[in-house]
Structures are given as structure tokens and as C-alpha cells.
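Here is entry12.txt, consisting of compact mmCIF, C-alpha atoms:
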# COMPACT_ATOMS: atom_id res chain seq x y z
CA MET A 1 73.16 115.62 147.45
CA SER A 2 72.81 112.80 144.87
CA THR A 3 75.54 112.33 142.35
CA ALA A 4 73.19 110.69 139.82
CA PRO A 5 72.93 113.75 137.49
CA SER A 6 76.70 114.07 137.19
CA GLN A 7 77.01 110.34 136.52
CA HIS A 8 74.37 110.57 133.81
CA ALA A 9 76.22 113.48 132.18
CA THR A 10 79.45 111.49 132.22
CA ALA A 11 77.72 108.50 130.66
CA ARG A 12 76.27 110.70 127.91
CA ARG A 13 79.71 112.11 127.13
CA LEU A 14 81.13 108.58 126.94
CA THR A 15 78.33 107.59 124.57
CA LEU A 16 79.03 110.49 122.21
CA ALA A 17 82.77 109.81 122.32
CA ALA A 18 82.23 106.13 121.47
CA VAL A 19 79.95 106.96 118.53
CA ALA A 20 82.39 109.56 117.18
CA SER A 21 85.33 107.17 117.50
CA ALA A 22 83.51 104.39 115.64
CA ALA A 23 82.51 106.71 112.81
CA LEU A 24 86.01 108.16 112.53
CA LEU A 25 87.57 104.70 112.40
CA LEU A 26 85.34 103.62 109.52
CA LEU A 27 85.70 106.86 107.61
CA THR A 28 89.48 106.75 107.74
CA ALA A 29 89.78 103.09 106.78
CA GLY A 30 92.28 102.42 104.01
CA PRO A 31 91.48 101.37 100.43
CA ALA A 32 90.32 97.88 99.55
CA ALA A 33 93.04 95.28 99.88
CA ALA A 34 92.21 93.56 96.61
CA HIS A 35 93.31 95.07 93.32
CA VAL A 36 94.92 94.24 89.97
CA GLU A 37 98.68 93.87 89.91
CA VAL A 38 100.75 94.43 86.76
CA LYS A 39 104.42 93.67 86.14
CA SER A 40 106.92 93.08 83.35
CA ASP A 41 110.59 92.10 83.11
CA LYS A 42 111.00 94.60 80.25
CA ALA A 43 109.28 97.63 81.77
CA GLN A 44 111.24 100.19 79.76
CA ALA A 45 110.10 102.96 77.45
CA LEU A 46 110.28 102.02 73.73
CA ALA A 47 111.04 98.37 74.57
CA GLU A 48 109.74 95.95 71.94
CA ASN A 49 107.79 92.69 72.21
CA VAL A 50 107.14 93.21 75.90
CA GLU A 51 105.24 90.59 77.87
CA ILE A 52 103.06 92.17 80.57
CA SER A 53 101.54 90.01 83.30
CA PHE A 54 98.36 90.83 85.22
CA ASP A 55 96.96 89.36 88.42
CA ALA A 56 93.31 90.32 89.03
CA GLU A 57 92.62 89.48 92.66
CA ALA A 58 89.31 87.82 93.55
CA GLU A 59 87.14 89.63 96.12
CA SER A 60 84.05 87.43 96.15
CA ASP A 61 83.68 84.33 98.30
CA THR A 62 80.64 83.10 96.39
CA ALA A 63 81.28 83.89 92.70
CA GLY A 64 84.25 83.44 90.38
CA ILE A 65 85.81 85.90 87.93
CA ALA A 66 84.47 85.34 84.41
CA GLU A 67 85.75 88.36 82.47
CA VAL A 68 88.41 91.05 82.57
CA ARG A 69 88.02 94.19 80.46
CA VAL A 70 91.06 96.47 80.00
CA ILE A 71 91.18 100.01 78.61
CA LEU A 72 94.64 100.52 77.13
CA PRO A 73 96.65 103.63 78.01
CA ALA A 74 97.51 106.24 75.40
CA GLY A 75 100.39 105.13 73.21
CA ILE A 76 99.35 101.47 72.94
CA ALA A 77 97.00 100.53 70.09
CA PRO A 78 94.75 97.45 70.41
CA GLY A 79 96.33 96.12 67.20
CA ASP A 80 99.72 96.07 68.92
CA VAL A 81 98.52 93.75 71.70
CA THR A 82 98.41 89.96 71.43
CA TYR A 83 97.28 87.39 73.95
CA GLY A 84 99.89 85.52 75.94
CA GLU A 85 98.63 83.08 78.55
CA GLY A 86 95.53 83.00 80.72
CA PRO A 87 92.93 80.85 82.45
CA LYS A 88 91.96 77.65 80.63
CA GLY A 89 89.24 78.22 78.07
CA TRP A 90 89.43 82.03 78.15
CA LYS A 91 89.44 83.95 74.85
CA PHE A 92 90.96 87.29 73.88
CA THR A 93 88.94 89.89 71.95
CA ALA A 94 90.27 93.27 70.82
CA ALA A 95 88.12 96.39 71.21
CA ASP A 96 88.37 99.96 69.96
CA ASP A 97 90.07 101.13 73.17
CA GLY A 98 91.48 97.93 74.64
CA TYR A 99 90.63 94.27 74.94
CA THR A 100 88.54 91.71 76.81
CA ILE A 101 89.45 88.23 77.99
CA LYS A 102 86.71 85.95 79.26
CA GLY A 103 85.64 82.36 79.56
CA PRO A 104 84.36 79.82 82.08
CA ALA A 105 84.10 81.38 85.53
CA LEU A 106 86.98 80.61 87.85
CA LYS A 107 86.37 79.13 91.28
CA ALA A 108 85.40 81.60 93.97
CA GLY A 109 88.49 83.12 95.52
CA VAL A 110 90.78 82.27 92.58
CA ASN A 111 92.65 85.18 90.96
CA ALA A 112 92.52 85.76 87.19
CA GLU A 113 96.16 85.62 86.05
CA TYR A 114 97.00 86.32 82.42
CA SER A 115 99.54 88.00 80.17
CA VAL A 116 99.64 89.97 76.93
CA VAL A 117 102.47 90.92 74.59
CA VAL A 118 102.81 94.55 73.46
CA ARG A 119 104.67 95.26 70.21
CA GLN A 120 106.32 98.37 71.67
CA LEU A 121 105.85 100.44 74.81
CA PRO A 122 105.44 104.21 74.40
CA ASP A 123 108.05 106.70 75.58
CA VAL A 124 106.41 107.58 78.92
CA LYS A 125 107.18 107.13 82.62
CA GLU A 126 104.20 104.94 83.52
CA LEU A 127 101.20 103.17 82.01
CA ALA A 128 97.78 102.83 83.65
CA PHE A 129 95.66 99.86 82.55
CA LYS A 130 92.10 100.60 83.71
CA SER A 131 90.50 97.23 84.42
CA LEU A 132 86.97 95.99 85.05
CA GLN A 133 86.61 92.42 86.28
CA THR A 134 83.20 90.77 86.17
CA TYR A 135 82.10 87.87 88.37
CA SER A 136 79.72 85.04 87.51
CA ASP A 137 76.99 86.71 89.59
CA GLY A 138 77.26 89.97 87.62
CA LYS A 139 79.23 91.92 90.24
CA ILE A 140 81.94 94.20 88.75
CA ASP A 141 85.16 95.37 90.38
CA ARG A 142 86.21 98.64 88.72
CA TRP A 143 89.95 99.26 89.07
CA ILE A 144 89.96 102.51 87.11
CA GLU A 145 91.02 105.35 89.39
CA LEU A 146 94.38 106.99 88.70
CA ASP A 147 95.11 107.91 92.33
CA GLU A 148 97.11 105.07 93.90
CA SER A 149 95.71 105.90 97.34
CA SER A 150 92.09 105.63 96.16
CA GLU A 151 89.73 102.76 96.92
CA GLN A 152 89.82 101.42 93.35
CA PRO A 153 93.26 102.18 91.85
CA ALA A 154 94.03 101.20 88.28
CA PRO A 155 97.06 98.93 87.84
CA VAL A 156 100.07 101.07 86.90
CA LEU A 157 103.28 99.84 85.24
CA LYS A 158 106.22 102.17 85.87
CA LEU A 159 108.79 102.32 83.05
CA LYS A 160 112.51 102.94 83.03
CA ALA A 161 113.89 105.52 80.64
CA ALA A 162 114.31 104.42 77.04
CA ALA A 163 117.60 102.79 76.08
CA PRO A 164 120.07 104.99 74.14
CA GLY A 165 119.21 104.97 70.45
CA ALA A 166 115.75 103.42 70.92
CA LYS A 167 113.18 104.72 68.45
CA PRO A 168 109.46 104.20 67.80
CA VAL A 169 108.75 101.40 65.33
CA SER A 170 106.53 101.74 62.28
CA PRO A 171 102.78 100.95 62.48
CA SER A 172 102.03 97.28 63.01
CA PRO A 173 101.06 95.10 60.02
CA SER A 174 97.66 94.45 61.60
CA GLU A 175 96.86 98.17 61.67
CA THR A 176 97.96 98.59 58.05
CA ALA A 177 95.83 95.63 56.96
CA SER A 178 92.74 96.93 58.75
CA GLU A 179 93.03 100.25 56.94
CA SER A 180 93.48 98.64 53.51
CA PRO A 181 90.27 98.52 51.37
CA SER A 182 91.36 95.16 49.92
CA ALA A 183 91.26 93.47 53.32
CA SER A 184 88.40 90.98 53.71
CA PRO A 185 85.61 92.35 55.92
CA THR A 186 84.50 88.92 57.13
CA PRO A 187 87.22 88.30 59.76
CA THR A 188 86.84 91.79 61.26
CA ALA A 189 83.05 91.94 61.33
CA GLU A 190 82.52 89.41 64.11
CA PRO A 191 85.16 90.79 66.57
CA THR A 192 83.85 94.32 66.02
CA GLN A 193 80.29 93.28 66.80
CA ALA A 194 81.33 91.26 69.83
CA SER A 195 83.37 94.08 71.28
CA ALA A 196 80.83 96.86 70.77
CA THR A 197 78.88 96.21 73.95
CA PRO A 198 81.89 95.68 76.29
CA THR A 199 83.50 98.88 74.98
CA ALA A 200 80.40 100.97 75.65
CA SER A 201 79.81 99.43 79.07
CA ALA A 202 83.44 99.87 80.10
CA SER A 203 83.41 103.53 79.13
CA ALA A 204 80.16 104.07 81.02
CA GLU A 205 81.49 102.31 84.11
CA ALA A 206 84.68 104.37 84.03
CA ALA A 207 82.74 107.61 83.68
CA SER A 208 80.37 106.73 86.51
CA ASP A 209 83.21 105.95 88.91
CA ASP A 210 85.49 108.89 88.11
CA ASP A 211 83.49 111.02 90.57
CA GLY A 212 85.25 109.19 93.41
CA GLY A 213 83.80 109.07 96.94
CA MET A 214 82.79 106.16 99.10
CA SER A 215 80.36 103.53 97.87
CA ALA A 216 76.84 103.11 99.20
CA GLY A 217 77.92 99.88 100.89
CA ALA A 218 80.57 101.73 102.86
CA TRP A 219 78.05 104.32 104.12
CA ILE A 220 75.61 101.57 105.11
CA GLY A 221 78.38 99.84 107.07
CA ILE A 222 79.26 103.09 108.85
CA GLY A 223 75.62 103.71 109.78
CA ALA A 224 75.23 100.17 111.15
CA ALA A 225 78.38 100.50 113.26
CA VAL A 226 77.22 103.83 114.71
CA VAL A 227 73.81 102.40 115.60
CA VAL A 228 75.38 99.38 117.35
CA VAL A 229 77.80 101.53 119.37
CA ALA A 230 75.09 104.03 120.34
CA GLY A 231 72.70 101.26 121.37
CA ALA A 232 75.32 99.62 123.58
CA ALA A 233 76.13 102.95 125.25
CA VAL A 234 72.44 103.74 125.94
CA TYR A 235 72.01 100.27 127.46
CA LEU A 236 74.94 100.89 129.83
CA VAL A 237 73.52 104.29 130.87
CA ARG A 238 70.10 102.83 131.65
CA ARG A 239 71.62 99.93 133.56
CA ARG A 240 73.73 102.25 135.73
CA ALA A 241 70.70 104.50 136.43
CA ALA A 242 68.58 101.49 137.45
CA GLY A 243 71.28 100.28 139.81
CA GLN A 244 71.41 103.64 141.58
CA GLN A 245 67.67 103.88 142.27
Can you turn what I pasted into C-alpha cells?
Amino acid sequence: MSTAPSQHATARRLTLAAVASAALLLLTAGPAAAHVEVKSDKAQALAENVEISFDAEAESDTAGIAEVRVILPAGIAPGDVTYGEGPKGWKFTAADDGYTIKGPALKAGVNAEYSVVVRQLPDVKELAFKSLQTYSDGKIDRWIELDESSEQPAPVLKLKAAAPGAKPVSPSPSETASESPSASPTPTAEPTQASATPTASASAEAASDDDGGMSAGAWIGIGAAVVVVAGAAVYLVRRRAAGQQ
């Protein structure tokens, strides 16, 4: 009796196993390597005049980072944040829920490193700074998810417990001035108008990505890998069958 049918069955099982293995490997792949790092030498609850440094890693090989939009965590008011250092030519603009820094696009592959100074940190254990970084070609990396194991985790600064006797400070002078009717409207009108669009877009981007799940690009990659593996397996089956005739 010919053993061809049993060999064909074995080949089919190998094909299915190869396809399943490829799909499983892609589905269980870890989160993206790039992200936004945050650190501070004074990461302590209720600490004052704290410099916080950010390092927004570049993902694109063809376009440079041109803007970073940050949504501040609860307990930090935009008026309590001032610009420290950043890429040459970049400007800082406060928004209703955070701030934006932007300027000439960096070279492709160059990280956007900058710092801000916070008047006082709130009395909490950690602070999440949801960040959206925009490239010169319009692509946006959305580091806004609060799960550290997710594909797009927001940068989180963990704080030590407040020092004994530390207390919240009074509202900042900038906040008091903005609420005063005698303050001139001219200086505040332009920043408010400039920040209206980024604030709305950032909120929309955050809302659209909070659903989680894998991106369309990831599913396309999985489908392509499965097709390649299946095609190779079918080719091997046909070649073995032809050799046995």
C-alpha cells in the first residue's frame, strides 16, 4: 500500500501548526520599545520647585519630532509649570489641561529631550503625564495609556512620601493674576487662542485610544505573516507529493 495519504496528512498538520505558531508569536509580542521617559531628582510628594525631565523617544526613521503635547495629572495646574530646557528653537505654550512644546523638527531618530519646573508636586504616590508627540510628517505617537504593560504607556513619575511637616503652598501668583479683572487681557488672548486647537485634539486623541486593543498596522502584519507561512507550507506539501509520483 502507498504511504502517500499518510504523508499528506502529516504535511497538512505541520502546515496548520506552523500557521498557528506564527500567529501566536505575533499576538503575544510585547509592547513597543519606544516610549516617553520621565525622571526627577526631587520626586517627592509636596516637594517645591521640582525640575522634571522628559525623554520622548523617536520611532520614525524618516521624520523628526516637531511637537510634544502633555496633559498634566490632577494636582498640577498649568499655571504652576514653567519651561526649563529643550530642543533649540522650541517654544512652550500653556493650555487649559497641560502644555505644548514645539519648534523646528528634529532630525529623524533624534529624541525630544526637555524639562519643566513644577511649583509644587501634589501629595500622591505617582503622576502620569499623558503625552502625544507629533512628527514632521503628521504621524502621532500617543503615550496615554495608564497600564504600564500596554502598547502605549503614559510616562509615570513615582513619588516618595512627603517630608515631615510639608504642606501645600498657596495658589501661584500667575493663577491669582489670571483671575483678577484688572489683569490685561492682551497677553493672555494669544496663548489661549494658540492652545485651543492642541487641547481639543489631545483630548480627542486620548479618548479615541482609551479603548485599547491592537492597532490596524499590527493586525495587517499578523495577516501578512500568516499568509507567508501558509504559502511556504503549501509549497513544501506540493513539492513532496510531486517527488513521490
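Straight-line separation from CA of Ala154 (chain A) to CA of Lys130 (chain A): 5.0 Å.
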Residues at most 10 Å from region 72-89 of chain A, counting all atoms listed in the file, excluding those fewer than 3 positions away in the same chain, as a PyMOL selection string? chain A and resi 49-54+66+69+92-99+101-106+111-124+126-131+156+171-176+178
Return the single residue from A:Leu46, A:Lys158, A:Asp55, A:Gln152 that is closest to Ile140 (chain A), with distances computed using all atoms listed in the file. A:Gln152
Can you work out the spacing between CA of Glu67 (chain A) and CA of Leu132 (chain A) in Å, to one decimal?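 Between these atoms lies a distance of 8.1 Å.
Note that the spacing between CA of Ala161 (chain A) and CA of Trp143 (chain A) amounts to 26.1 Å.
If only C-alpha atoms are the atoms counted, then among A:Gly64, A:Ala163, A:Glu48, A:Pro168 the closest residue to Val110 (chain A) is A:Gly64.
Of the residues under consideration (A:Leu159, A:Val36, A:Ala166, A:Ala45), A:Val36 shows the shortest atom-to-atom contact distance to Gln133 (chain A) when counting all atoms listed in the file.
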So that I can check the surroundings of Asp141 (chain A), please list as a list of chain:residue names every protein, DNA and RNA residue that reaches within 10 Å of it, counting all atoms listed in the file and ignoring chain neighbours fewer than 3 positions away.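 These residues fall inside the cut-off: A:Ala34, A:His35, A:Val36, A:Ala56, A:Glu57, A:Ala58, A:Glu59, A:Ser60, A:Ile65, A:Val68, A:Ser131, A:Leu132, A:Gln133, A:Thr134, A:Tyr135, A:Gly138, A:Ile144, A:Gln152.
Checking A:Lys139, A:Ala63, A:Lys39, A:Gln44 one by one against Pro164 (chain A), counting only C-alpha atoms, you find the shortest gap at A:Gln44.
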